[in-house]
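**Q** Following this message is one structure expressed as structure tokens.
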Amino acid sequence: MSADKVLQYETFVDDVLKRDLRRVLEQRDAVYEKIAQYLQLKNVIQSLQESSSQELKTEVDLGCNFYVQAHVPDASRICVAVGYGFFVEFTHSEALRFIEKKTHQLTAYTETLTKDSAKIKANIRMVLEGLRELQGLDDLPESRRRDAL
């Protein structure tokens with residue numbers, strides 16, 4: 001009976017908890033990428049504000065790493081992706097305020113995901129400790145312990 005319980009717990013850890021942990025960490029990484037993109041946009045807007053010309057020459061990625069040269073005669077207003085496929089036209093100062101709010105919101109979301117991953121790691125640790133007790137194994141010394149994932 002003990003072997004069946006051990007197998008059930010091991011399956012639960014591998015099939016449920018580790019999968020959930022992987023999913024949460026992937027979500028957090030995707031949010032970090034969005035934050036990085038917004039910060040990059042913020043730097044571009046600030047450099048546009050510092051330049052004396054409203055004209056802009058740049059390269060645009062058409063997809064599959066195909067670039068074309070683009071000329072923007074008036075870069076005083078820009079379109080920013082706000083989510084769900086929608087773009088909003090902003091002035092530079094409006095875009096900077098939006099970016100500040102959006103990065104603050106995304107940072108709060110990453111903190112929530114980090115807390116969720118810590119809870120999942122704690123659950124994995126608890127189940128592994130239960131398995132250790134079921135199997136009658138001694139506690140591992142601190143030097144031999146490692147993260148669950």
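Letters for chains follow the order of the structure tokens (A, B, ...), residue numbers begin at 1 for each chain, and ligand numbers begin at 1 in the order shown.
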So that I can check the surroundings of Lys42 (chain A), please list as a compact mmCIF listing (two decimals) with N, CA and C atoms, in the first residue's frame every protein, DNA and RNA residue that reaches within 10 Å of it, counting only C-alpha atoms and ignoring chain neighbours fewer than 4 positions away.

**A**
# COMPACT_ATOMS: atom_id res chain seq x y z
N ALA A 36 10.44 44.86 -20.72
CA ALA A 36 11.65 45.27 -21.44
C ALA A 36 11.30 46.02 -22.73
N GLN A 37 10.27 45.58 -23.42
CA GLN A 37 9.85 46.27 -24.65
C GLN A 37 9.34 47.67 -24.35
N TYR A 38 8.57 47.82 -23.28
CA TYR A 38 8.08 49.14 -22.91
C TYR A 38 9.23 50.07 -22.50
N GLN A 46 12.36 59.13 -25.40
CA GLN A 46 13.21 60.15 -24.78
C GLN A 46 14.27 60.66 -25.74
N SER A 47 14.83 59.77 -26.56
CA SER A 47 15.82 60.23 -27.53
C SER A 47 15.15 61.06 -28.63
N LEU A 48 13.91 60.74 -28.99
CA LEU A 48 13.17 61.56 -29.94
C LEU A 48 12.91 62.96 -29.37
N HIS A 92 4.36 62.34 -27.22
CA HIS A 92 5.48 61.75 -26.48
C HIS A 92 5.22 61.73 -24.98
N ALA A 95 2.60 59.16 -24.09
CA ALA A 95 3.14 57.81 -24.20
C ALA A 95 4.03 57.48 -23.00
N LEU A 96 4.83 58.44 -22.56
CA LEU A 96 5.68 58.21 -21.39
C LEU A 96 4.85 57.96 -20.13
N ARG A 97 3.77 58.71 -19.96
CA ARG A 97 2.89 58.47 -18.80
C ARG A 97 2.25 57.08 -18.89
N PHE A 98 1.80 56.72 -20.10
CA PHE A 98 1.20 55.39 -20.27
C PHE A 98 2.21 54.30 -19.97
N ILE A 99 3.43 54.45 -20.47
CA ILE A 99 4.47 53.44 -20.25
C ILE A 99 4.77 53.31 -18.77
N GLU A 100 4.81 54.43 -18.07
CA GLU A 100 5.08 54.39 -16.62
C GLU A 100 3.99 53.59 -15.89

**Q** List as a ChimeraX atom specification the protein and nucleic acid residues near Ala30 (chain A), meaning an atom at most 12 Å away when only C-alpha atoms are counted, but skip any in the same chain fewer than 4 places from it.

**A** /A:23-26,34-37,106-107,109-110,113

**Q** Mind writing the picked residues with N, CA, C and O atoms as a PDB file, in the first residue's frame?

**A**
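Contents of the output file part-v6.pdb:
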ATOM      1  N   ARG A  23       4.591  26.597 -15.919  1.00  0.00           N
ATOM      2  CA  ARG A  23       3.637  27.519 -16.552  1.00  0.00           C
ATOM      3  C   ARG A  23       3.719  28.908 -15.920  1.00  0.00           C
ATOM      4  O   ARG A  23       3.768  29.926 -16.631  1.00  0.00           O
ATOM      5  N   VAL A  24       3.772  28.975 -14.599  1.00  0.00           N
ATOM      6  CA  VAL A  24       3.848  30.265 -13.903  1.00  0.00           C
ATOM      7  C   VAL A  24       5.160  30.973 -14.239  1.00  0.00           C
ATOM      8  O   VAL A  24       5.178  32.185 -14.494  1.00  0.00           O
ATOM      9  N   LEU A  25       6.261  30.235 -14.270  1.00  0.00           N
ATOM     10  CA  LEU A  25       7.548  30.853 -14.585  1.00  0.00           C
ATOM     11  C   LEU A  25       7.598  31.336 -16.034  1.00  0.00           C
ATOM     12  O   LEU A  25       8.177  32.385 -16.331  1.00  0.00           O
ATOM     13  N   GLU A  26       6.972  30.601 -16.948  1.00  0.00           N
ATOM     14  CA  GLU A  26       6.903  31.039 -18.344  1.00  0.00           C
ATOM     15  C   GLU A  26       6.064  32.310 -18.466  1.00  0.00           C
ATOM     16  O   GLU A  26       6.416  33.224 -19.219  1.00  0.00           O
ATOM     17  N   LYS A  34       7.662  41.871 -21.898  1.00  0.00           N
ATOM     18  CA  LYS A  34       6.820  43.038 -22.188  1.00  0.00           C
ATOM     19  C   LYS A  34       7.370  44.284 -21.502  1.00  0.00           C
ATOM     20  O   LYS A  34       7.399  45.366 -22.095  1.00  0.00           O
ATOM     21  N   ILE A  35       7.789  44.128 -20.263  1.00  0.00           N
ATOM     22  CA  ILE A  35       8.360  45.263 -19.531  1.00  0.00           C
ATOM     23  C   ILE A  35       9.594  45.775 -20.259  1.00  0.00           C
ATOM     24  O   ILE A  35       9.769  46.992 -20.431  1.00  0.00           O
ATOM     25  N   ALA A  36      10.442  44.863 -20.720  1.00  0.00           N
ATOM     26  CA  ALA A  36      11.648  45.271 -21.443  1.00  0.00           C
ATOM     27  C   ALA A  36      11.301  46.019 -22.726  1.00  0.00           C
ATOM     28  O   ALA A  36      11.950  47.021 -23.068  1.00  0.00           O
ATOM     29  N   GLN A  37      10.269  45.579 -23.424  1.00  0.00           N
ATOM     30  CA  GLN A  37       9.853  46.267 -24.651  1.00  0.00           C
ATOM     31  C   GLN A  37       9.345  47.672 -24.346  1.00  0.00           C
ATOM     32  O   GLN A  37       9.665  48.627 -25.066  1.00  0.00           O
ATOM     33  N   LEU A 106       2.559  45.914 -14.777  1.00  0.00           N
ATOM     34  CA  LEU A 106       3.207  44.645 -15.132  1.00  0.00           C
ATOM     35  C   LEU A 106       4.174  44.188 -14.036  1.00  0.00           C
ATOM     36  O   LEU A 106       4.282  42.990 -13.762  1.00  0.00           O
ATOM     37  N   THR A 107       4.847  45.128 -13.398  1.00  0.00           N
ATOM     38  CA  THR A 107       5.755  44.776 -12.301  1.00  0.00           C
ATOM     39  C   THR A 107       4.971  44.174 -11.134  1.00  0.00           C
ATOM     40  O   THR A 107       5.410  43.195 -10.521  1.00  0.00           O
ATOM     41  N   TYR A 109       2.223  42.560 -11.407  1.00  0.00           N
ATOM     42  CA  TYR A 109       1.812  41.224 -11.851  1.00  0.00           C
ATOM     43  C   TYR A 109       2.965  40.227 -11.733  1.00  0.00           C
ATOM     44  O   TYR A 109       2.752  39.081 -11.329  1.00  0.00           O
ATOM     45  N   THR A 110       4.196  40.656 -12.035  1.00  0.00           N
ATOM     46  CA  THR A 110       5.343  39.747 -11.881  1.00  0.00           C
ATOM     47  C   THR A 110       5.561  39.388 -10.418  1.00  0.00           C
ATOM     48  O   THR A 110       5.947  38.256 -10.114  1.00  0.00           O
ATOM     49  N   LEU A 113       3.108  36.682  -9.672  1.00  0.00           N
ATOM     50  CA  LEU A 113       3.559  35.409 -10.250  1.00  0.00           C
ATOM     51  C   LEU A 113       4.731  34.834  -9.468  1.00  0.00           C
ATOM     52  O   LEU A 113       4.828  33.611  -9.299  1.00  0.00           O
TER      53      LEU A 113
END

**Q** Excluding same-chain residues fewer than 5 positions from region 64-80 of chain A, what lies within 7 Å of it counting only C-alpha atoms, as a ChimeraX atom specification?

**A** /A:54-59,87-92

**Q** Could you tell me how far CA of Gly83 (chain A) sits from CA of Ile45 (chain A), in Å to one decimal place?

**A**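 It comes out at 19.0 Å.
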
**Q** DSSP on the backbone: what in region 26-128 of chain A comes out helix (DSSP H, G or I), as a ChimeraX atom specification?

**A** /A:26-50,92-128

**Q** Generate a file of the selected residues that holds C-alpha atoms, formatted as a PDB file, in the first residue's frame.

**A**
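Dumped to again.pdb:
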ATOM      1  CA  GLU A  26       6.903  31.039 -18.344  1.00  0.00           C
ATOM      2  CA  GLN A  27       4.133  33.592 -17.732  1.00  0.00           C
ATOM      3  CA  ARG A  28       6.462  35.641 -15.566  1.00  0.00           C
ATOM      4  CA  ASP A  29       9.191  35.548 -18.222  1.00  0.00           C
ATOM      5  CA  ALA A  30       6.689  36.730 -20.862  1.00  0.00           C
ATOM      6  CA  VAL A  31       5.692  39.652 -18.626  1.00  0.00           C
ATOM      7  CA  TYR A  32       9.373  40.537 -18.111  1.00  0.00           C
ATOM      8  CA  GLU A  33       9.762  40.623 -21.906  1.00  0.00           C
ATOM      9  CA  LYS A  34       6.820  43.038 -22.188  1.00  0.00           C
ATOM     10  CA  ILE A  35       8.360  45.263 -19.531  1.00  0.00           C
ATOM     11  CA  ALA A  36      11.648  45.271 -21.443  1.00  0.00           C
ATOM     12  CA  GLN A  37       9.853  46.267 -24.651  1.00  0.00           C
ATOM     13  CA  TYR A  38       8.076  49.144 -22.910  1.00  0.00           C
ATOM     14  CA  LEU A  39      11.349  50.346 -21.380  1.00  0.00           C
ATOM     15  CA  GLN A  40      13.003  50.194 -24.794  1.00  0.00           C
ATOM     16  CA  LEU A  41      10.144  52.273 -26.219  1.00  0.00           C
ATOM     17  CA  LYS A  42      10.580  54.739 -23.361  1.00  0.00           C
ATOM     18  CA  ASN A  43      14.259  55.172 -24.285  1.00  0.00           C
ATOM     19  CA  VAL A  44      13.372  55.716 -27.958  1.00  0.00           C
ATOM     20  CA  ILE A  45      10.761  58.346 -27.050  1.00  0.00           C
ATOM     21  CA  GLN A  46      13.207  60.150 -24.778  1.00  0.00           C
ATOM     22  CA  SER A  47      15.820  60.228 -27.533  1.00  0.00           C
ATOM     23  CA  LEU A  48      13.170  61.564 -29.944  1.00  0.00           C
ATOM     24  CA  GLN A  49      12.338  64.314 -27.458  1.00  0.00           C
ATOM     25  CA  GLU A  50      16.008  65.257 -27.135  1.00  0.00           C
ATOM     26  CA  HIS A  92       5.478  61.745 -26.482  1.00  0.00           C
ATOM     27  CA  SER A  93       4.504  62.901 -22.996  1.00  0.00           C
ATOM     28  CA  GLU A  94       1.253  60.896 -23.065  1.00  0.00           C
ATOM     29  CA  ALA A  95       3.143  57.810 -24.202  1.00  0.00           C
ATOM     30  CA  LEU A  96       5.684  58.207 -21.389  1.00  0.00           C
ATOM     31  CA  ARG A  97       2.887  58.468 -18.800  1.00  0.00           C
ATOM     32  CA  PHE A  98       1.199  55.393 -20.271  1.00  0.00           C
ATOM     33  CA  ILE A  99       4.471  53.443 -20.249  1.00  0.00           C
ATOM     34  CA  GLU A 100       5.081  54.387 -16.624  1.00  0.00           C
ATOM     35  CA  LYS A 101       1.628  53.158 -15.572  1.00  0.00           C
ATOM     36  CA  LYS A 102       1.850  50.013 -17.699  1.00  0.00           C
ATOM     37  CA  THR A 103       5.291  49.006 -16.397  1.00  0.00           C
ATOM     38  CA  HIS A 104       4.083  49.596 -12.830  1.00  0.00           C
ATOM     39  CA  GLN A 105       1.069  47.336 -13.477  1.00  0.00           C
ATOM     40  CA  LEU A 106       3.207  44.645 -15.132  1.00  0.00           C
ATOM     41  CA  THR A 107       5.755  44.776 -12.301  1.00  0.00           C
ATOM     42  CA  ALA A 108       2.972  44.202  -9.770  1.00  0.00           C
ATOM     43  CA  TYR A 109       1.812  41.224 -11.851  1.00  0.00           C
ATOM     44  CA  THR A 110       5.343  39.747 -11.881  1.00  0.00           C
ATOM     45  CA  GLU A 111       5.420  40.029  -8.090  1.00  0.00           C
ATOM     46  CA  THR A 112       2.150  38.075  -7.928  1.00  0.00           C
ATOM     47  CA  LEU A 113       3.559  35.409 -10.250  1.00  0.00           C
ATOM     48  CA  THR A 114       6.733  35.209  -8.165  1.00  0.00           C
ATOM     49  CA  LYS A 115       4.647  34.649  -5.025  1.00  0.00           C
ATOM     50  CA  ASP A 116       2.635  31.971  -6.857  1.00  0.00           C
ATOM     51  CA  SER A 117       5.820  30.194  -7.912  1.00  0.00           C
ATOM     52  CA  ALA A 118       7.105  30.307  -4.327  1.00  0.00           C
ATOM     53  CA  LYS A 119       3.857  28.699  -3.114  1.00  0.00           C
ATOM     54  CA  ILE A 120       4.129  25.965  -5.731  1.00  0.00           C
ATOM     55  CA  LYS A 121       7.774  25.338  -4.783  1.00  0.00           C
ATOM     56  CA  ALA A 122       6.707  25.088  -1.133  1.00  0.00           C
ATOM     57  CA  ASN A 123       4.014  22.562  -2.082  1.00  0.00           C
ATOM     58  CA  ILE A 124       6.558  20.521  -4.029  1.00  0.00           C
ATOM     59  CA  ARG A 125       8.893  20.593  -1.038  1.00  0.00           C
ATOM     60  CA  MET A 126       6.068  19.534   1.304  1.00  0.00           C
ATOM     61  CA  VAL A 127       5.083  16.601  -0.910  1.00  0.00           C
ATOM     62  CA  LEU A 128       8.714  15.525  -1.251  1.00  0.00           C
TER      63      LEU A 128
END

**Q** Work out how far CA of Lys5 (chain A) is from CA of Gly136 (chain A), in Å to one decimal.

**A**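 We find that CA of Gly136 (chain A) and CA of Lys5 (chain A) lie 13.2 Å from each other.
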
**Q** Between CA of Val82 (chain A) and CA of Ser51 (chain A), what is the distance, to one decimal in Å?

**A**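 We find that CA of Val82 (chain A) and CA of Ser51 (chain A) lie 25.4 Å from each other.
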